[in-house]
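Engineer: my_file14.txt is reproduced in full below (compact mmCIF, C-alpha atoms and all ligand atoms).
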# COMPACT_ATOMS: atom_id res chain seq x y z
CA MET A 43 23.86 55.21 -44.71
CA PRO A 44 23.92 54.00 -48.35
CA VAL A 45 24.97 50.44 -49.11
CA ARG A 46 25.87 51.43 -52.68
CA PHE A 47 28.28 54.29 -53.15
CA THR A 48 28.41 56.07 -56.48
CA ASP A 49 31.46 58.25 -55.87
CA LEU A 50 34.28 59.01 -53.44
CA ALA A 51 32.14 61.78 -51.93
CA GLY A 52 29.73 59.13 -50.62
CA ILE A 53 32.61 57.32 -48.93
CA ARG A 54 33.83 60.60 -47.42
CA ALA A 55 30.33 61.18 -46.02
CA ALA A 56 30.36 57.72 -44.39
CA LEU A 57 33.77 58.54 -42.87
CA ALA A 58 32.49 61.84 -41.50
CA ASP A 59 29.63 60.20 -39.61
CA LEU A 60 31.18 57.48 -37.43
CA PRO A 61 29.03 55.79 -34.74
CA GLN A 62 30.60 55.70 -31.28
CA PRO A 63 30.53 52.92 -28.65
CA ASP A 64 27.62 52.79 -26.20
CA ALA A 65 28.74 54.63 -23.04
CA ALA A 66 26.20 52.86 -20.80
CA ALA A 67 27.32 49.41 -22.00
CA LEU A 68 30.98 50.37 -21.51
CA ALA A 69 30.25 51.53 -17.96
CA GLY A 70 28.15 48.43 -17.21
CA ALA A 71 30.83 46.09 -18.56
CA SER A 72 33.58 47.87 -16.59
CA ALA A 73 31.52 47.63 -13.40
CA ARG A 74 30.83 43.94 -13.99
CA ASN A 75 34.51 43.26 -14.74
CA ALA A 76 35.47 44.79 -11.40
CA GLN A 77 33.19 42.33 -9.53
CA LEU A 78 34.33 39.07 -11.17
CA THR A 79 36.06 36.39 -9.09
CA LYS A 80 39.69 37.19 -9.93
CA PRO A 81 42.34 39.61 -8.71
CA PRO A 82 41.94 42.99 -10.46
CA ALA A 83 43.43 43.02 -14.00
CA SER A 84 44.54 39.38 -13.70
CA LEU A 85 42.91 38.53 -17.04
CA GLY A 86 45.15 41.15 -18.65
CA ARG A 87 44.10 42.24 -22.12
CA LEU A 88 41.11 39.88 -22.09
CA GLU A 89 39.41 42.33 -19.74
CA GLU A 90 39.79 45.38 -22.01
CA LEU A 91 38.78 43.21 -25.02
CA ALA A 92 35.49 42.16 -23.42
CA ILE A 93 34.68 45.74 -22.36
CA TRP A 94 35.54 47.05 -25.85
CA TYR A 95 33.26 44.42 -27.43
CA ALA A 96 30.46 45.25 -24.97
CA GLY A 97 30.61 48.93 -25.95
CA TRP A 98 30.18 48.25 -29.66
CA ARG A 99 27.43 45.65 -29.12
CA SER A 100 25.56 47.84 -26.59
CA GLU A 101 25.39 44.99 -24.08
CA ALA A 102 27.19 44.95 -20.72
CA ARG A 103 27.27 41.13 -20.71
CA PRO A 104 27.60 40.18 -24.37
CA ALA A 105 28.03 36.88 -26.22
CA MET A 106 29.42 36.35 -29.72
CA ARG A 107 27.04 34.22 -31.77
CA ALA A 108 27.58 35.14 -35.42
CA PRO A 109 31.20 35.82 -36.38
CA LEU A 110 31.71 36.45 -40.11
CA VAL A 111 34.87 36.20 -42.22
CA CYS A 112 34.64 38.21 -45.46
CA LEU A 113 37.32 37.21 -47.93
CA PHE A 114 38.04 39.35 -51.02
CA ALA A 115 40.24 38.48 -54.00
CA GLY A 116 41.78 40.81 -56.57
CA ASN A 117 44.48 40.82 -59.23
CA HIS A 118 47.23 43.40 -59.69
CA GLY A 119 48.89 44.95 -62.74
CA VAL A 120 52.20 45.12 -60.90
CA ALA A 121 52.24 41.31 -60.67
CA ALA A 122 53.61 41.37 -64.25
CA ARG A 123 56.76 43.06 -62.88
CA GLY A 124 58.07 39.94 -61.13
CA VAL A 125 57.17 41.02 -57.59
CA SER A 126 55.67 37.72 -56.38
CA ALA A 127 56.98 34.17 -55.98
CA PHE A 128 53.71 32.92 -57.56
CA PRO A 129 51.94 33.61 -60.89
CA PRO A 130 48.74 35.73 -60.98
CA GLU A 131 46.52 32.78 -61.97
CA VAL A 132 46.93 31.51 -58.38
CA THR A 133 44.46 34.18 -57.21
CA ALA A 134 41.55 32.63 -59.14
CA GLN A 135 42.76 29.10 -58.37
CA MET A 136 42.75 29.88 -54.65
CA VAL A 137 39.22 31.30 -54.93
CA GLY A 138 38.25 27.86 -56.25
CA ASN A 139 40.01 26.31 -53.26
CA PHE A 140 38.17 28.63 -50.82
CA GLU A 141 34.86 27.71 -52.46
CA ALA A 142 35.71 24.00 -52.24
CA GLY A 143 36.65 24.29 -48.56
CA GLY A 144 40.32 23.36 -49.00
CA ALA A 145 42.21 26.45 -47.79
CA ALA A 146 43.60 27.31 -44.37
CA ILE A 147 40.87 29.91 -43.78
CA ASN A 148 38.16 27.29 -44.33
CA GLN A 149 39.63 25.22 -41.51
CA LEU A 150 40.20 28.20 -39.19
CA ALA A 151 36.76 29.75 -39.77
CA GLY A 152 35.26 26.31 -39.10
CA ALA A 153 37.36 25.81 -35.98
CA PHE A 154 36.11 29.09 -34.47
CA GLY A 155 32.49 28.84 -35.66
CA ALA A 156 32.67 31.68 -38.19
CA ARG A 157 30.72 31.89 -41.43
CA LEU A 158 32.94 32.50 -44.48
CA SER A 159 31.95 34.57 -47.50
CA VAL A 160 34.21 34.70 -50.58
CA THR A 161 34.04 37.60 -53.05
CA PRO A 162 36.23 37.57 -56.17
CA LEU A 163 36.56 41.07 -57.66
CA SER A 164 36.94 41.22 -61.47
CA LEU A 165 39.84 38.75 -61.41
CA GLU A 166 39.98 38.69 -65.21
CA SER A 167 40.70 42.46 -65.20
CA PRO A 168 43.76 43.16 -63.03
CA THR A 169 44.25 46.70 -61.80
CA ALA A 170 46.56 48.86 -63.92
CA ASP A 171 50.29 48.78 -63.17
CA PHE A 172 50.62 51.67 -60.70
CA THR A 173 54.10 52.58 -61.97
CA GLN A 174 52.37 53.62 -65.22
CA GLY A 175 49.22 55.32 -63.92
CA PRO A 176 46.48 54.96 -61.28
CA ALA A 177 45.73 51.34 -60.37
CA MET A 178 41.98 52.06 -60.57
CA SER A 179 39.56 54.62 -61.94
CA GLU A 180 37.26 56.35 -59.43
CA ALA A 181 34.39 54.13 -60.63
CA GLU A 182 36.47 50.97 -60.07
CA VAL A 183 37.67 51.85 -56.57
CA VAL A 184 34.18 52.95 -55.52
CA GLU A 185 32.62 49.77 -56.89
CA ALA A 186 35.12 47.59 -55.02
CA PHE A 187 34.58 49.59 -51.81
CA ALA A 188 30.80 49.29 -52.16
CA THR A 189 31.09 45.54 -52.80
CA GLY A 190 33.06 45.19 -49.57
CA TRP A 191 30.47 47.25 -47.69
CA ALA A 192 27.62 45.10 -49.04
CA ALA A 193 29.39 41.85 -48.11
CA VAL A 194 28.94 42.62 -44.40
CA ASP A 195 25.78 41.01 -43.04
CA PRO A 196 24.36 43.51 -40.54
CA ALA A 197 23.31 40.53 -38.37
CA ALA A 198 26.95 39.50 -37.83
CA ASP A 199 28.40 40.31 -34.41
CA LEU A 200 32.08 40.11 -35.35
CA LEU A 201 33.89 40.74 -38.64
CA VAL A 202 37.21 39.46 -39.94
CA THR A 203 38.34 40.75 -43.33
CA GLY A 204 40.75 38.64 -45.33
CA GLU A 205 42.26 38.81 -48.78
CA MET A 206 43.86 36.86 -51.61
CA GLY A 207 45.73 38.60 -54.43
CA ILE A 208 49.03 37.75 -56.03
CA GLY A 209 51.14 40.94 -55.95
CA ASN A 210 49.17 42.59 -53.18
CA THR A 211 52.05 42.92 -50.70
CA THR A 212 53.58 45.32 -53.26
CA ALA A 213 50.36 47.35 -53.37
CA ALA A 214 50.12 47.29 -49.55
CA ALA A 215 53.75 48.46 -49.26
CA ALA A 216 53.14 51.32 -51.69
CA LEU A 217 49.97 52.32 -49.79
CA SER A 218 51.78 52.24 -46.45
CA ALA A 219 54.68 54.29 -47.79
CA ALA A 220 52.32 56.89 -49.24
CA LEU A 221 50.30 57.13 -46.02
CA PHE A 222 53.13 57.08 -43.48
CA GLY A 223 56.27 58.13 -45.36
CA GLY A 224 59.39 56.09 -46.13
CA GLY A 225 59.99 54.31 -49.41
CA GLY A 226 60.18 50.74 -50.68
CA GLU A 227 63.10 50.02 -48.36
CA ALA A 228 60.93 50.61 -45.28
CA TRP A 229 57.75 48.82 -46.35
CA VAL A 230 58.64 45.98 -48.74
CA GLY A 231 58.92 42.38 -47.50
CA ARG A 232 59.12 38.97 -49.12
CA GLY A 233 55.37 38.38 -49.46
CA THR A 234 54.85 34.83 -50.75
CA GLY A 235 58.63 34.34 -50.58
CA VAL A 236 60.50 36.29 -53.26
CA ASP A 237 64.27 35.90 -53.40
CA ASP A 238 66.72 38.78 -52.99
CA ALA A 239 66.39 39.82 -56.64
CA GLY A 240 62.61 39.83 -56.30
CA LEU A 241 62.85 41.89 -53.14
CA ALA A 242 65.00 44.46 -54.94
CA ARG A 243 62.48 44.58 -57.82
CA LYS A 244 59.62 45.11 -55.35
CA ARG A 245 61.41 48.04 -53.73
CA GLU A 246 62.04 49.60 -57.14
CA VAL A 247 58.40 49.10 -58.15
CA VAL A 248 57.16 50.74 -54.94
CA ASP A 249 59.55 53.66 -55.34
CA ALA A 250 58.55 54.06 -59.01
CA GLY A 251 54.89 54.10 -57.97
CA LEU A 252 55.51 56.73 -55.32
CA ALA A 253 57.41 58.86 -57.86
CA ALA A 254 54.74 58.44 -60.55
CA HIS A 255 52.00 59.68 -58.20
CA ALA A 256 54.02 62.24 -56.23
CA GLY A 257 51.92 65.32 -55.62
CA ALA A 258 48.66 63.34 -55.63
CA LEU A 259 49.12 61.38 -52.41
CA ASP A 260 47.74 63.78 -49.78
CA ASP A 261 44.26 62.28 -49.84
CA PRO A 262 44.08 58.70 -48.41
CA LEU A 263 41.20 57.66 -50.70
CA GLU A 264 43.16 58.89 -53.69
CA VAL A 265 46.15 56.87 -52.42
CA LEU A 266 43.88 53.80 -52.34
CA ARG A 267 42.71 54.48 -55.93
CA ARG A 268 46.20 55.08 -57.30
CA LEU A 269 48.29 52.46 -55.45
CA GLY A 270 45.81 49.98 -53.96
CA GLY A 271 43.76 47.19 -55.42
CA ARG A 272 40.19 45.98 -55.53
CA GLU A 273 40.49 43.59 -52.57
CA LEU A 274 42.15 46.35 -50.52
CA ALA A 275 39.31 48.75 -51.35
CA ALA A 276 36.74 46.05 -50.54
CA MET A 277 38.31 45.39 -47.12
CA ALA A 278 38.22 49.12 -46.38
CA GLY A 279 34.54 49.18 -47.38
CA ALA A 280 33.76 46.17 -45.19
CA ILE A 281 35.58 47.64 -42.17
CA LEU A 282 33.71 50.93 -42.53
CA ALA A 283 30.38 49.10 -42.98
CA ALA A 284 31.08 47.21 -39.77
CA ARG A 285 31.54 50.52 -37.95
CA HIS A 286 28.15 51.70 -39.21
CA HIS A 287 26.53 48.40 -38.15
CA ARG A 288 28.41 48.55 -34.80
CA ILE A 289 30.12 45.23 -35.55
CA PRO A 290 33.58 44.87 -33.94
CA VAL A 291 36.40 43.93 -36.34
CA ILE A 292 39.55 41.84 -35.96
CA LEU A 293 42.20 43.00 -38.42
CA ASP A 294 44.40 40.42 -40.15
CA GLY A 295 47.84 40.73 -41.76
CA PHE A 296 49.88 43.37 -43.56
CA ILE A 297 47.51 43.84 -46.51
CA CYS A 298 44.39 44.04 -44.33
CA CYS A 299 46.11 46.57 -42.07
CA ALA A 300 47.17 48.67 -45.09
CA SER A 301 43.50 48.85 -46.11
CA ALA A 302 42.50 49.82 -42.60
CA ALA A 303 45.23 52.47 -42.58
CA VAL A 304 43.43 54.28 -45.41
CA LEU A 305 40.40 54.71 -43.13
CA ALA A 306 42.54 55.71 -40.13
CA LYS A 307 44.30 58.39 -42.16
CA ALA A 308 41.06 59.63 -43.73
CA ALA A 309 39.20 59.93 -40.40
CA PRO A 310 40.96 59.87 -37.03
CA GLY A 311 39.33 57.28 -34.77
CA ALA A 312 37.95 55.30 -37.72
CA LEU A 313 39.51 52.09 -36.36
CA GLU A 314 38.24 52.31 -32.78
CA HIS A 315 35.95 49.35 -33.49
CA CYS A 316 38.97 47.27 -34.60
CA VAL A 317 41.62 45.23 -32.83
CA ALA A 318 44.76 43.80 -34.43
CA GLY A 319 44.46 40.02 -34.52
CA HIS A 320 48.12 39.24 -35.07
CA SER A 321 51.52 40.59 -35.89
CA GLY A 322 52.91 38.55 -38.75
CA ALA A 323 56.19 37.66 -40.40
CA GLU A 324 55.85 40.09 -43.32
CA ALA A 325 58.62 42.55 -42.47
CA ALA A 326 56.52 45.73 -42.40
CA HIS A 327 53.45 44.38 -40.59
CA ALA A 328 54.82 45.27 -37.13
CA ARG A 329 55.85 48.71 -38.40
CA LEU A 330 52.37 49.30 -39.77
CA LEU A 331 50.71 48.22 -36.52
CA GLU A 332 52.95 50.64 -34.66
CA ALA A 333 52.04 53.46 -37.05
CA LEU A 334 48.37 52.65 -36.39
CA GLY A 335 48.91 52.56 -32.62
CA LEU A 336 47.69 48.95 -32.43
CA THR A 337 49.11 46.07 -30.36
CA ALA A 338 48.39 42.65 -31.82
CA LEU A 339 46.74 39.88 -29.83
CA LEU A 340 48.88 37.08 -31.31
CA ASP A 341 52.33 36.69 -32.85
CA LEU A 342 52.59 33.35 -34.62
CA GLU A 343 54.89 34.37 -37.52
CA LEU A 344 52.06 33.96 -40.02
CA ARG A 345 52.33 35.46 -43.50
CA LEU A 346 49.43 33.76 -45.23
CA GLY A 347 46.68 36.37 -45.38
CA GLU A 348 43.14 35.02 -46.08
CA GLY A 349 42.08 36.40 -42.68
CA SER A 350 43.93 33.51 -41.03
CA GLY A 351 45.59 35.35 -38.12
CA ALA A 352 42.43 37.31 -37.36
CA ALA A 353 40.36 34.10 -37.43
CA LEU A 354 42.68 32.60 -34.82
CA ALA A 355 42.13 35.69 -32.68
CA ILE A 356 38.36 35.01 -32.72
CA GLY A 357 39.25 32.29 -30.22
CA VAL A 358 40.97 34.82 -27.95
CA LEU A 359 37.97 37.16 -28.11
CA LYS A 360 35.56 34.27 -27.46
CA GLY A 361 37.65 33.38 -24.41
CA ALA A 362 37.50 36.98 -23.19
CA LEU A 363 33.70 37.07 -23.58
CA ALA A 364 33.21 33.64 -21.97
CA CYS A 365 35.06 34.87 -18.86
CA HIS A 366 33.43 38.30 -18.80
CA SER A 367 29.86 37.11 -19.30
CA GLY A 368 30.06 33.70 -17.64
CA MET A 369 32.11 34.18 -14.48
CA ALA A 370 30.53 34.55 -11.06
CA THR A 371 30.92 37.78 -9.10
CA PHE A 372 32.50 37.75 -5.62
CA ALA A 373 29.03 38.22 -4.12
CA GLU A 374 27.47 35.39 -6.20
CA ALA A 375 30.25 32.92 -5.38
CA GLY A 376 30.66 33.89 -1.74
CA VAL A 377 34.35 34.62 -2.29
CA SER A 378 35.95 37.30 -0.12
CA ALA A 379 37.01 40.37 -2.10
CA GLY A 380 40.54 41.73 -1.50
O1 LIG B 1 48.74 38.76 -44.42
C1 LIG B 1 49.96 38.93 -44.59
O2 LIG B 1 50.64 39.59 -43.78
C2 LIG B 1 50.60 38.35 -45.84
C3 LIG B 1 51.97 38.43 -45.99
C4 LIG B 1 52.52 37.88 -47.13
C5 LIG B 1 51.72 37.30 -48.12
N1 LIG B 1 50.38 37.27 -47.96
C6 LIG B 1 49.51 36.66 -49.02
O3 LIG B 1 50.28 36.39 -50.16
C7 LIG B 1 49.75 37.05 -51.31
C8 LIG B 1 50.58 38.26 -51.63
O4 LIG B 1 51.94 37.97 -51.70
P1 LIG B 1 52.76 38.48 -52.97
O5 LIG B 1 54.14 37.91 -52.77
O6 LIG B 1 52.08 37.88 -54.18
O7 LIG B 1 52.71 39.96 -52.92
C9 LIG B 1 48.34 37.46 -50.96
O8 LIG B 1 47.44 36.50 -51.42
C10 LIG B 1 48.36 37.55 -49.45
O9 LIG B 1 47.17 37.06 -48.90
C11 LIG B 1 49.80 37.78 -46.84
C1 LIG B 2 49.02 29.16 -52.47
C2 LIG B 2 48.72 30.53 -51.90
C3 LIG B 2 47.72 30.68 -50.96
C4 LIG B 2 47.47 31.95 -50.45
N1 LIG B 2 46.58 32.41 -49.56
C5 LIG B 2 46.71 33.72 -49.43
N2 LIG B 2 47.69 34.10 -50.22
C6 LIG B 2 48.19 33.05 -50.87
C7 LIG B 2 49.19 32.93 -51.82
C8 LIG B 2 49.47 31.64 -52.34
C9 LIG B 2 50.57 31.49 -53.35
Please render this file's structure as structure tokens.
Ligand SMILES: O=C(O)c1ccc[n+]([C@@H]2O[C@H](COP(=O)([O-])O)[C@@H](O)[C@H]2O)c1
Ligand SMILES: Cc1cc2nc[nH]c2cc1C
Structural biologist:
Amino acid sequence: MPVRFTDLAGIRAALADLPQPDAAALAGASARNAQLTKPPASLGRLEELAIWYAGWRSEARPAMRAPLVCLFAGNHGVAARGVSAFPPEVTAQMVGNFEAGGAAINQLAGAFGARLSVTPLSLESPTADFTQGPAMSEAEVVEAFATGWAAVDPAADLLVTGEMGIGNTTAAAALSAALFGGGGEAWVGRGTGVDDAGLARKREVVDAGLAAHAGALDDPLEVLRRLGGRELAAMAGAILAARHHRIPVILDGFICCASAAVLAKAAPGALEHCVAGHSGAEAAHARLLEALGLTALLDLELRLGEGSGAALAIGVLKGALACHSGMATFAEAGVSAG
């Protein structure tokens, strides 16, 4: 599979050829789970998490040794329309903060033993305002997607994708509306904390974007090009690369899930290697998870982005794997089975 895409056709080819989990590892992990010293199903979702991870890693008794957080930053033409509580220069300033180790994701990645990579995407050239035309050309969206793909180290054994981009909850709302129906009303939230007037402007901007591109929104990759942004395209590329490298993914907040939704709509089953790390406070995040058929691991009312909620869920997955791979069986421990 190519690591550099030159056109949308290359991305479509990668979506048409999705690796599947290892059936033998799934069966081995299920059998092991049934023998561990606990009442059946008493570890709840931790049990299905460990078996899911085992299937993608092709190991019935896996460990997680190299989790990776890939963070992507992009700027948005629609930010000039007053849709964020913060100015666009904050995107580049926060990239500086990520690189200096001062952001929340630096602390969370460190706390859960994950390596962090930070990729700013042409921050000096925001996407075009999608109410006026497509946010990106085909070359731009493909380049961002390919950059996301290339950011995934094939030696990683877990991926979290995170983002930073002033204005990107507006892009994510427009994407979600185009993919699942409903307008600005259904998908717009307060993002970084806009007031009521800002919220009304965001809804209008999303509805204007949907109207401007009506008739061209049947193809999910075209939706990404017209209404998305570079960091959204990069996250989609990274999530698809992870599938091809058989690296399980923990999805983060509303913007990350909107990127993932592009893949899910383009190829049914494209997110089978993903779990939802958290359900956040951005109004439409829960709605989007429901549309994707995903149930989040955590609900901590986060609305930060940066991969923060997914990074916290690394701890849950590590706990699941520690139990699955470390516990004694009934026979080993001499405990009577029920
Ligand atoms: O992850 C989320 O669910 C989330 C919800 C609200 C805001 N954010 C972050 O806030 C920024 C976008 O907010 P805004 O108001 O500029 O559209 C962007 O950098 C995101 O990482 C992230
Ligand atoms: C300060 C700040 C940090 C962020 N991290 C992710 N999105 C963000 C938006 C702002 C405004």
Engineer: Give me the residues near Ala96 in chain A as a tab-separated table (two decimals) with C-alpha atoms, in the frame of the given file, where near means some atom within 12 Å (using all atoms listed in the file) and where sequence neighbours in that chain fewer than 4 positions away do not count.
Structural biologist:
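Printed below is part10.tsv as written:
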chain	number	residue	atom	x	y	z
A	63	PRO	CA	30.53	52.92	-28.65
A	64	ASP	CA	27.62	52.79	-26.20
A	65	ALA	CA	28.74	54.63	-23.04
A	66	ALA	CA	26.20	52.86	-20.80
A	67	ALA	CA	27.32	49.41	-22.00
A	68	LEU	CA	30.98	50.37	-21.51
A	69	ALA	CA	30.25	51.53	-17.96
A	70	GLY	CA	28.15	48.43	-17.21
A	71	ALA	CA	30.83	46.09	-18.56
A	72	SER	CA	33.58	47.87	-16.59
A	73	ALA	CA	31.52	47.63	-13.40
A	74	ARG	CA	30.83	43.94	-13.99
A	75	ASN	CA	34.51	43.26	-14.74
A	89	GLU	CA	39.41	42.33	-19.74
A	90	GLU	CA	39.79	45.38	-22.01
A	91	LEU	CA	38.78	43.21	-25.02
A	92	ALA	CA	35.49	42.16	-23.42
A	100	SER	CA	25.56	47.84	-26.59
A	101	GLU	CA	25.39	44.99	-24.08
A	102	ALA	CA	27.19	44.95	-20.72
A	103	ARG	CA	27.27	41.13	-20.71
A	104	PRO	CA	27.60	40.18	-24.37
A	105	ALA	CA	28.03	36.88	-26.22
A	106	MET	CA	29.42	36.35	-29.72
A	199	ASP	CA	28.40	40.31	-34.41
A	200	LEU	CA	32.08	40.11	-35.35
A	288	ARG	CA	28.41	48.55	-34.80
A	289	ILE	CA	30.12	45.23	-35.55
A	290	PRO	CA	33.58	44.87	-33.94
A	315	HIS	CA	35.95	49.35	-33.49
A	359	LEU	CA	37.97	37.16	-28.11
A	362	ALA	CA	37.50	36.98	-23.19
A	363	LEU	CA	33.70	37.07	-23.58
A	366	HIS	CA	33.43	38.30	-18.80
A	367	SER	CA	29.86	37.11	-19.30
Engineer: Can you tell me, as a PyMOL selection string, what residues are no more than 10 Å from range 245-248 of chain A when counting all atoms listed in the file, ignoring any on the same chain fewer than 6 positions away?
Structural biologist: chain A and resi 120+123-125+171-173+212-217+219-220+225-231+254+269
Engineer: Which residue is closest to Ala192 in chain A? Choose from A:Ala276, A:Ala333, A:Ala302, A:Leu57 and count all atoms listed in the file.
Structural biologist: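 Residue with the minimum atom-to-atom distance to Ala192 in chain A: A:Ala276.
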Engineer: Show me, as an NGL selection string, the residues that have an atom within 8 Å of range 343-351 of chain A when counting all atoms listed in the file, minus same-chain residues fewer than 2 positions from it.
Structural biologist: :A and (111 or 113 or 146-147 or 150 or 202-206 or 233-234 or 293-297 or 319-324 or 340-341 or 353-355)
Engineer: If I take atom C5 of ligand LIG 1 (chain B) and CA of Gly155 in chain A, how far is one from the other in Å, to one decimal?
Structural biologist: 24.4 Å
Engineer: Please measure the separation of CA of Ser218 in chain A and CA of Ala308 in chain A, giving the value in Å to one decimal.
Structural biologist: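 Value for the CA of Ser218 in chain A-CA of Ala308 in chain A distance: 13.3 Å.
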Engineer: Pick from A:Thr169, A:Gln77, A:Thr211, A:Ser164: nearest to ligand LIG 2 (chain B), with all atoms listed in the file counted?
Structural biologist: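 Looking at the shortest contact to ligand LIG 2 (chain B), the residue is A:Thr211.
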Engineer: Any chance you could work out the axis-aligned box around ligand LIG 1 (chain B), listed atoms only, 5 Å on each side, giving centre and edge lengths in Å to one decimal, as JSON?
Structural biologist:
{"center_x": 50.7, "center_y": 38.2, "center_z": -49.0, "size_x": 17.0, "size_y": 13.6, "size_z": 20.4}
Engineer: Enter the distance from CA of Gly240 in chain A to CA of Glu273 in chain A, in Å, rounded to one decimal.
Structural biologist: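 Computing it gives 22.7 Å between the two atoms.
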Engineer: Measuring atom to atom with only C-alpha atoms, identify which of A:Leu88, A:Gln174, A:Leu313, A:Gln62 is nearest to Ile281 in chain A.
Structural biologist: A:Leu313
Engineer: Using all atoms listed in the file, which of A:Asp49, A:Tyr95, A:Ala83, A:Ala127 sits nearest ligand LIG 2 (chain B)?
Structural biologist: A:Ala127
Engineer: Given only C-alpha atoms as the basis, pick out the residue of A:Ala56, A:Gly223, A:Ala115, A:Ala280 nearest to Pro196 in chain A.
Structural biologist: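 The answer is A:Ala280, which sits nearest to Pro196 in chain A.
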Engineer: Can range 68-86 of chain A be brought up to N, CA and C atoms and written out as a PDB file, keeping the file's coordinate frame?
Structural biologist:
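To be explicit, this is the file written out as result17.pdb:
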ATOM      1  N   LEU A  68      29.569  50.335 -21.945  1.00  0.00           N
ATOM      2  CA  LEU A  68      30.980  50.370 -21.510  1.00  0.00           C
ATOM      3  C   LEU A  68      31.052  50.469 -19.991  1.00  0.00           C
ATOM      4  N   ALA A  69      30.236  51.349 -19.416  1.00  0.00           N
ATOM      5  CA  ALA A  69      30.250  51.530 -17.960  1.00  0.00           C
ATOM      6  C   ALA A  69      29.756  50.261 -17.264  1.00  0.00           C
ATOM      7  N   GLY A  70      28.694  49.653 -17.798  1.00  0.00           N
ATOM      8  CA  GLY A  70      28.150  48.430 -17.210  1.00  0.00           C
ATOM      9  C   GLY A  70      29.153  47.288 -17.274  1.00  0.00           C
ATOM     10  N   ALA A  71      29.844  47.169 -18.411  1.00  0.00           N
ATOM     11  CA  ALA A  71      30.830  46.090 -18.560  1.00  0.00           C
ATOM     12  C   ALA A  71      32.023  46.322 -17.638  1.00  0.00           C
ATOM     13  N   SER A  72      32.450  47.575 -17.482  1.00  0.00           N
ATOM     14  CA  SER A  72      33.580  47.870 -16.590  1.00  0.00           C
ATOM     15  C   SER A  72      33.203  47.530 -15.155  1.00  0.00           C
ATOM     16  N   ALA A  73      31.968  47.904 -14.764  1.00  0.00           N
ATOM     17  CA  ALA A  73      31.520  47.630 -13.400  1.00  0.00           C
ATOM     18  C   ALA A  73      31.449  46.123 -13.159  1.00  0.00           C
ATOM     19  N   ARG A  74      30.911  45.395 -14.139  1.00  0.00           N
ATOM     20  CA  ARG A  74      30.830  43.940 -13.990  1.00  0.00           C
ATOM     21  C   ARG A  74      32.238  43.346 -13.884  1.00  0.00           C
ATOM     22  N   ASN A  75      33.146  43.796 -14.748  1.00  0.00           N
ATOM     23  CA  ASN A  75      34.510  43.260 -14.740  1.00  0.00           C
ATOM     24  C   ASN A  75      35.160  43.405 -13.364  1.00  0.00           C
ATOM     25  N   ALA A  76      34.859  44.522 -12.709  1.00  0.00           N
ATOM     26  CA  ALA A  76      35.470  44.790 -11.400  1.00  0.00           C
ATOM     27  C   ALA A  76      34.949  43.851 -10.310  1.00  0.00           C
ATOM     28  N   GLN A  77      33.792  43.200 -10.557  1.00  0.00           N
ATOM     29  CA  GLN A  77      33.190  42.330  -9.530  1.00  0.00           C
ATOM     30  C   GLN A  77      33.482  40.846  -9.752  1.00  0.00           C
ATOM     31  N   LEU A  78      34.150  40.496 -10.841  1.00  0.00           N
ATOM     32  CA  LEU A  78      34.330  39.070 -11.170  1.00  0.00           C
ATOM     33  C   LEU A  78      35.375  38.425 -10.255  1.00  0.00           C
ATOM     34  N   THR A  79      35.235  37.116 -10.070  1.00  0.00           N
ATOM     35  CA  THR A  79      36.060  36.390  -9.090  1.00  0.00           C
ATOM     36  C   THR A  79      37.488  36.152  -9.598  1.00  0.00           C
ATOM     37  N   LYS A  80      38.279  37.211  -9.507  1.00  0.00           N
ATOM     38  CA  LYS A  80      39.690  37.190  -9.930  1.00  0.00           C
ATOM     39  C   LYS A  80      40.352  38.429  -9.332  1.00  0.00           C
ATOM     40  N   PRO A  81      41.649  38.385  -9.115  1.00  0.00           N
ATOM     41  CA  PRO A  81      42.340  39.610  -8.710  1.00  0.00           C
ATOM     42  C   PRO A  81      42.205  40.658  -9.808  1.00  0.00           C
ATOM     43  N   PRO A  82      42.116  41.942  -9.442  1.00  0.00           N
ATOM     44  CA  PRO A  82      41.940  42.990 -10.460  1.00  0.00           C
ATOM     45  C   PRO A  82      43.003  42.891 -11.561  1.00  0.00           C
ATOM     46  N   ALA A  83      42.548  42.999 -12.817  1.00  0.00           N
ATOM     47  CA  ALA A  83      43.430  43.020 -14.000  1.00  0.00           C
ATOM     48  C   ALA A  83      44.156  41.705 -14.261  1.00  0.00           C
ATOM     49  N   SER A  84      43.792  40.643 -13.529  1.00  0.00           N
ATOM     50  CA  SER A  84      44.540  39.380 -13.700  1.00  0.00           C
ATOM     51  C   SER A  84      44.235  38.695 -15.029  1.00  0.00           C
ATOM     52  N   LEU A  85      43.151  39.082 -15.697  1.00  0.00           N
ATOM     53  CA  LEU A  85      42.910  38.530 -17.040  1.00  0.00           C
ATOM     54  C   LEU A  85      43.509  39.437 -18.123  1.00  0.00           C
ATOM     55  N   GLY A  86      44.346  40.368 -17.704  1.00  0.00           N
ATOM     56  CA  GLY A  86      45.150  41.150 -18.650  1.00  0.00           C
ATOM     57  C   GLY A  86      44.321  41.773 -19.757  1.00  0.00           C
TER      58      GLY A  86
END
